[in-house]
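A.B. asks: Quick one: the structure is below, and I'll ask about it shortly.
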Amino acid sequence: MVVSVVGIVIALFFFPFLFMKFDQKSEAAPQKTAPIASKTSENACELTIQVSGSDIPIDLEEYVIGVVAAEMPVGFHPEALKAQGIAARTYVLKSTNYGQTQIEPTVARQVFYDEDTRKKNWNDSYEDYEAKVREAVESTRGEVIQYNGELITAMFHSMSNGMTESSVNYSGTELPYLQSVSSTDFQYADNYETTTTFTLEEWNSKLNTQSTIEEIKQIRLQKNNTGRVETVSMKDHEWTGRDFRTLLGLRSTDFQVKVQNGQVVVTTEGYGHGVGMSQYGADAMADKGSTAHEIIAHYYQNTSIEKLNCEN
């Protein structure tokens, strides 16, 4: 029996993790002319983003500031913050068709903190943190990531397991710029490995099974070439690694399962879906001297960074 999870709590675990056909044009609404990307332009396009739940459109660069503040620890290296800004700007323009549709301010897309939220979160450090994030975003104003002249789906995640995940492994969709690459962030993250313990009752409740301890001992995990679990098999049950992660609330699909003292112990490495830029990996690269553009080039293969320019 294959257990399928459709749409439940996906937003809690995948941080912009949905592949969409963003290049398709909507027939229901008139289309604005997309900005032209130019290597030499100095002036970024004046675009606004409509965040779901807010009636007031937000300037693109102000939106990116709110995303960087929400998605990446402000203590990270400035070059990592810049890389996050470029990825966030690209992602929102791709997913909203240059601001024509709304975007959710959640981990299913991109988390966004407005200025009031940033003040509340940062308290006495607000002015210093705000200045740091603004400087990082301003220094990359208008910069976006392209592949063959088109915006990419700039997915990112918290930390990898030493290798990022390919798009084809994750979703079955082959994107040439989202291939598996090395990422050394696990050496820098204190919480890289986590352990979660379940009682037999909790395990069966979450998975909707009636398994015994002996059956759980026989569990089989099939892993892919990046060390992440593709399928989980246990007696008459089978799950995808992604569904299993969601059901148990695990931090990633790189996990091991064992029985200890009558309980089920699951050890997980990394955090997030693993596709695209690793945030901890970006910080690690920056600490070693890499620039934001070098970080982008590493995680998004064979892409280029262009600057938006309103010419029509």
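In the structure tokens, chains take letters A, B, ... by order of appearance, with residues numbered from 1 within each chain and ligands from 1 in the order shown.
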Based on the backbone DSSP call, show me all residues of range 54-267 of chain A assigned strand (DSSP E or B), as JSON, numbers by chain.

C.D. replies: {"A": [58, 59, 103, 143, 144, 145, 146, 147, 150, 151, 156, 157, 159, 163, 165, 182, 193, 194, 195, 196, 197, 198, 220, 221, 222, 223, 229, 230, 231, 232, 233, 234, 237, 238, 239, 240, 255, 256, 257, 258, 259, 260, 263, 264, 265, 266, 267]}

A.B. asks: Could you write out the selected residues, including N, CA and C atoms, as a tab-separated table (two decimals), in the first residue's frame?

C.D. replies:
chain	number	residue	atom	x	y	z
A	58	ILE	N	4.20	46.42	-2.34
A	58	ILE	CA	5.50	46.75	-1.74
A	58	ILE	C	6.54	46.89	-2.84
A	59	ASP	N	7.35	47.92	-2.76
A	59	ASP	CA	8.45	48.09	-3.70
A	59	ASP	C	9.30	46.82	-3.72
A	103	ILE	N	2.02	36.79	-3.81
A	103	ILE	CA	2.89	35.76	-3.27
A	103	ILE	C	2.62	35.60	-1.78
A	143	GLU	N	19.54	42.90	-9.39
A	143	GLU	CA	20.25	41.73	-9.92
A	143	GLU	C	19.38	40.48	-9.82
A	144	VAL	N	19.32	39.72	-10.93
A	144	VAL	CA	18.55	38.48	-10.99
A	144	VAL	C	19.39	37.40	-11.65
A	145	ILE	N	18.96	36.15	-11.44
A	145	ILE	CA	19.69	35.00	-11.98
A	145	ILE	C	18.94	34.49	-13.20
A	146	GLN	N	19.68	34.27	-14.28
A	146	GLN	CA	19.07	33.79	-15.51
A	146	GLN	C	19.78	32.54	-16.03
A	147	TYR	N	19.01	31.74	-16.74
A	147	TYR	CA	19.55	30.61	-17.49
A	147	TYR	C	18.99	30.69	-18.89
A	150	GLU	N	16.37	33.47	-19.36
A	150	GLU	CA	15.12	33.43	-18.61
A	150	GLU	C	15.42	33.35	-17.11
A	151	LEU	N	14.53	33.95	-16.32
A	151	LEU	CA	14.67	33.84	-14.87
A	151	LEU	C	14.61	32.38	-14.45
A	156	PHE	N	15.99	27.58	-2.58
A	156	PHE	CA	17.05	27.59	-1.57
A	156	PHE	C	16.55	26.87	-0.33
A	157	HIS	N	17.48	26.50	0.54
A	157	HIS	CA	17.12	25.75	1.74
A	157	HIS	C	18.10	26.10	2.85
A	159	MET	N	20.14	24.05	5.21
A	159	MET	CA	21.46	23.39	5.18
A	159	MET	C	21.36	22.04	4.51
A	163	MET	N	25.83	17.48	0.19
A	163	MET	CA	25.52	17.59	-1.23
A	163	MET	C	24.13	18.19	-1.36
A	165	GLU	N	20.52	18.70	-3.35
A	165	GLU	CA	19.66	17.78	-4.09
A	165	GLU	C	19.40	18.32	-5.48
A	182	SER	N	28.49	19.99	-4.32
A	182	SER	CA	29.01	19.86	-2.97
A	182	SER	C	28.66	21.09	-2.13
A	193	GLU	N	22.82	17.81	12.76
A	193	GLU	CA	22.22	16.51	13.01
A	193	GLU	C	21.23	16.59	14.16
A	194	THR	N	20.04	16.07	13.96
A	194	THR	CA	19.02	16.08	15.02
A	194	THR	C	18.46	14.68	15.20
A	195	THR	N	18.02	14.40	16.41
A	195	THR	CA	17.44	13.09	16.72
A	195	THR	C	16.04	13.28	17.29
A	196	THR	N	15.08	12.54	16.75
A	196	THR	CA	13.71	12.58	17.22
A	196	THR	C	13.31	11.19	17.67
A	197	THR	N	12.72	11.09	18.85
A	197	THR	CA	12.31	9.80	19.40
A	197	THR	C	10.79	9.70	19.45
A	198	PHE	N	10.26	8.56	18.99
A	198	PHE	CA	8.82	8.33	18.96
A	198	PHE	C	8.50	7.09	19.79
A	220	ARG	N	13.01	-0.63	5.59
A	220	ARG	CA	14.00	-0.51	4.51
A	220	ARG	C	13.95	0.90	3.92
A	221	LEU	N	15.11	1.53	3.86
A	221	LEU	CA	15.23	2.88	3.30
A	221	LEU	C	16.04	2.79	2.01
A	222	GLN	N	15.44	3.23	0.92
A	222	GLN	CA	16.17	3.30	-0.35
A	222	GLN	C	16.62	4.74	-0.57
A	223	LYS	N	17.93	4.93	-0.65
A	223	LYS	CA	18.48	6.28	-0.79
A	223	LYS	C	18.95	6.54	-2.21
A	229	VAL	N	16.56	9.89	1.27
A	229	VAL	CA	15.67	8.74	1.15
A	229	VAL	C	14.64	8.95	0.05
A	230	GLU	N	14.59	8.00	-0.89
A	230	GLU	CA	13.59	8.06	-1.95
A	230	GLU	C	12.33	7.31	-1.55
A	231	THR	N	12.49	6.11	-0.99
A	231	THR	CA	11.33	5.33	-0.58
A	231	THR	C	11.59	4.67	0.78
A	232	VAL	N	10.51	4.50	1.52
A	232	VAL	CA	10.54	3.81	2.81
A	232	VAL	C	9.58	2.64	2.73
A	233	SER	N	10.06	1.44	3.04
A	233	SER	CA	9.22	0.26	2.99
A	233	SER	C	9.19	-0.41	4.36
A	234	MET	N	7.98	-0.76	4.80
A	234	MET	CA	7.83	-1.44	6.08
A	234	MET	C	6.62	-2.36	6.00
A	237	HIS	N	3.55	-1.51	3.88
A	237	HIS	CA	3.44	-0.07	3.66
A	237	HIS	C	4.66	0.45	2.90
A	238	GLU	N	4.43	1.47	2.08
A	238	GLU	CA	5.54	2.14	1.39
A	238	GLU	C	5.21	3.62	1.26
A	239	TRP	N	6.21	4.44	1.48
A	239	TRP	CA	6.07	5.90	1.37
A	239	TRP	C	7.20	6.44	0.53
A	240	THR	N	7.01	7.61	-0.05
A	240	THR	CA	8.14	8.34	-0.60
A	240	THR	C	8.88	8.98	0.57
A	255	PHE	N	17.66	10.64	6.49
A	255	PHE	CA	17.42	10.16	7.84
A	255	PHE	C	17.71	8.66	7.96
A	256	GLN	N	17.92	8.24	9.20
A	256	GLN	CA	18.09	6.84	9.56
A	256	GLN	C	17.07	6.48	10.63
A	257	VAL	N	16.62	5.25	10.64
A	257	VAL	CA	15.63	4.80	11.61
A	257	VAL	C	16.17	3.59	12.36
A	258	LYS	N	16.07	3.61	13.68
A	258	LYS	CA	16.46	2.45	14.47
A	258	LYS	C	15.55	2.35	15.70
A	259	VAL	N	15.52	1.16	16.28
A	259	VAL	CA	14.74	0.92	17.48
A	259	VAL	C	15.69	0.84	18.67
A	260	GLN	N	15.36	1.59	19.71
A	260	GLN	CA	16.22	1.64	20.89
A	260	GLN	C	15.34	1.72	22.13
A	263	GLN	N	11.63	2.17	21.73
A	263	GLN	CA	11.16	3.37	21.03
A	263	GLN	C	11.85	3.48	19.67
A	264	VAL	N	11.28	4.31	18.80
A	264	VAL	CA	11.83	4.50	17.46
A	264	VAL	C	12.63	5.80	17.42
A	265	VAL	N	13.89	5.69	17.05
A	265	VAL	CA	14.79	6.84	17.03
A	265	VAL	C	15.12	7.18	15.57
A	266	VAL	N	14.81	8.40	15.16
A	266	VAL	CA	15.09	8.84	13.80
A	266	VAL	C	16.14	9.95	13.85
A	267	THR	N	17.25	9.72	13.18
A	267	THR	CA	18.34	10.70	13.12
A	267	THR	C	18.34	11.35	11.75

A.B. asks: Within 12 Å of Gly227 in chain A, counting only C-alpha atoms, which residues qualify if same-chain residues fewer than 6 places away don't, as a list of chain:residue names?

C.D. replies: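 Residues near the query, excluding close chain neighbours: A:Ser160, A:Asn161, A:Gly162, A:Met163, A:Thr164, A:Glu165, A:Ser166, A:Asn169, A:Ser180, A:Leu221, A:Gly241, A:Ser252, A:Thr253, A:Asp254, A:Phe255, A:Gln256, A:Thr268, A:Glu269, A:Gly270, A:Gly274.
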
A.B. asks: For those residues, write C-alpha atoms to a file as a short mmCIF file (atom, residue, chain, number, x, y, z; two decimals), in the first residue's frame.

C.D. replies:
data_model
loop_
_atom_site.label_atom_id
_atom_site.label_comp_id
_atom_site.auth_asym_id
_atom_site.auth_seq_id
_atom_site.Cartn_x
_atom_site.Cartn_y
_atom_site.Cartn_z
CA SER A 160 22.42 20.42 3.07
CA ASN A 161 23.86 17.05 4.02
CA GLY A 162 27.12 17.73 2.22
CA MET A 163 25.52 17.59 -1.23
CA THR A 164 22.60 19.60 -2.53
CA GLU A 165 19.66 17.78 -4.09
CA SER A 166 18.93 17.85 -7.82
CA ASN A 169 15.51 13.78 -7.58
CA SER A 180 23.59 18.30 -7.10
CA LEU A 221 15.23 2.88 3.30
CA GLY A 241 10.90 9.96 1.41
CA SER A 252 15.01 16.60 5.86
CA THR A 253 14.79 13.41 3.82
CA ASP A 254 18.29 12.32 4.85
CA PHE A 255 17.42 10.16 7.84
CA GLN A 256 18.09 6.84 9.56
CA THR A 268 18.18 13.43 10.49
CA GLU A 269 21.00 15.29 8.73
CA GLY A 270 20.59 18.75 7.18
CA GLY A 274 18.17 20.42 -0.23
#

A.B. asks: Any idea what's packed within 7 Å of Ser167 in chain A, counting only C-alpha atoms, ignoring anything in its chain fewer than 4 positions away? Could you give it as a PyMOL selection string?

C.D. replies: chain A and resi 171-175+178-179+275

A.B. asks: So how far away is CA of Ala83 in chain A from CA of Glu46 in chain A, in Å?

C.D. replies: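 Rounded to one decimal, the two atoms are 20.7 Å apart.
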
A.B. asks: Taking the DSSP assignment computed from this structure's backbone, write out as a ChimeraX atom specification all residues of range 201-288 of chain A that belong to alpha helix (DSSP H).

C.D. replies: /A:201-207,213-217,241-248,279-287

A.B. asks: For the residues selected in the previous step, produce a file with C-alpha atoms as a tab-separated table (two decimals), in the first residue's frame.

C.D. replies:
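Result written to out.tsv:
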chain	number	residue	atom	x	y	z
A	201	GLU	CA	1.95	4.70	19.78
A	202	GLU	CA	3.18	8.02	18.36
A	203	TRP	CA	4.84	6.26	15.41
A	204	ASN	CA	1.69	4.35	14.47
A	205	SER	CA	-0.51	7.39	14.95
A	206	LYS	CA	1.57	9.59	12.68
A	207	LEU	CA	1.95	6.95	9.97
A	213	ILE	CA	8.59	-3.06	17.12
A	214	GLU	CA	9.84	-6.11	15.25
A	215	GLU	CA	8.31	-4.85	12.01
A	216	ILE	CA	9.90	-1.45	12.48
A	217	LYS	CA	13.28	-3.14	12.93
A	241	GLY	CA	10.90	9.96	1.41
A	242	ARG	CA	9.14	13.32	1.13
A	243	ASP	CA	5.82	11.96	2.39
A	244	PHE	CA	7.54	10.14	5.24
A	245	ARG	CA	9.35	13.32	6.23
A	246	THR	CA	6.09	15.25	6.27
A	247	LEU	CA	4.20	12.66	8.28
A	248	LEU	CA	6.86	12.49	10.99
A	279	GLN	CA	22.03	29.12	3.23
A	280	TYR	CA	24.58	27.70	5.65
A	281	GLY	CA	26.68	26.68	2.66
A	282	ALA	CA	26.53	30.23	1.33
A	283	ASP	CA	27.74	31.52	4.69
A	284	ALA	CA	30.54	28.94	4.75
A	285	MET	CA	31.66	29.93	1.24
A	286	ALA	CA	31.56	33.62	2.18
A	287	ASP	CA	33.68	32.95	5.27

A.B. asks: I need the residue nearest Ala88 in chain A from this list: A:Asp190, A:Glu104, A:Glu71, A:Glu135. Use only C-alpha atoms for the distance.

C.D. replies: A:Glu71

A.B. asks: Counting only C-alpha atoms, which of A:Gln210, A:Val74, A:Asn191, A:Ala154 gets nearest to Arg109 in chain A?

C.D. replies: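 Comparing A:Gln210, A:Val74, A:Asn191, A:Ala154 against Arg109 in chain A, the winner is A:Ala154.
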
A.B. asks: At what distance in Å, to one decimal, does CA of Lys119 in chain A lie from CA of Ala136 in chain A?

C.D. replies: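 About the pair CA of Ala136 in chain A and CA of Lys119 in chain A: they are 18.0 Å apart.
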
A.B. asks: Using only C-alpha atoms, pick whichever of A:Val67, A:Ile86, A:Leu60, A:Leu200 has the shortest atom-to-atom distance to Gly262 in chain A.

C.D. replies: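 Selected residue with least distance to Gly262 in chain A: A:Leu200.
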
A.B. asks: Name the closest residue to Gln50 in chain A among the candidates A:Gln218, A:Thr101, A:Asn121, A:Thr226; distances are taken between atoms, counting only C-alpha atoms.

C.D. replies: A:Thr101

A.B. asks: Can you tell me, as a ChimeraX atom specification, what residues are no more than 10 Å from Tyr129 in chain A when counting only C-alpha atoms, ignoring any on the same chain fewer than 5 positions away?

C.D. replies: /A:69,74-75,118-119,122-124,134-135

A.B. asks: Work out how far CA of Gln110 in chain A is from CA of Tyr271 in chain A, in Å to one decimal.

C.D. replies: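 Taking CA of Tyr271 in chain A and CA of Gln110 in chain A, their separation equals 15.9 Å.
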
A.B. asks: Would you please work out which residue, of A:Gln102, A:Thr153, A:Thr212, A:Ser304, is nearest to Ser54 in chain A when using only C-alpha atoms?

C.D. replies: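 Selected residue with least distance to Ser54 in chain A: A:Gln102.
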
A.B. asks: Give me the residues within 7 Å of Gly85 in chain A as a list of chain:residue names, counting only C-alpha atoms and dropping any in the same chain fewer than 6 places off.

C.D. replies: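 Near Gly85 in chain A, the qualifying residues are A:Val64, A:Val68, A:Val137.
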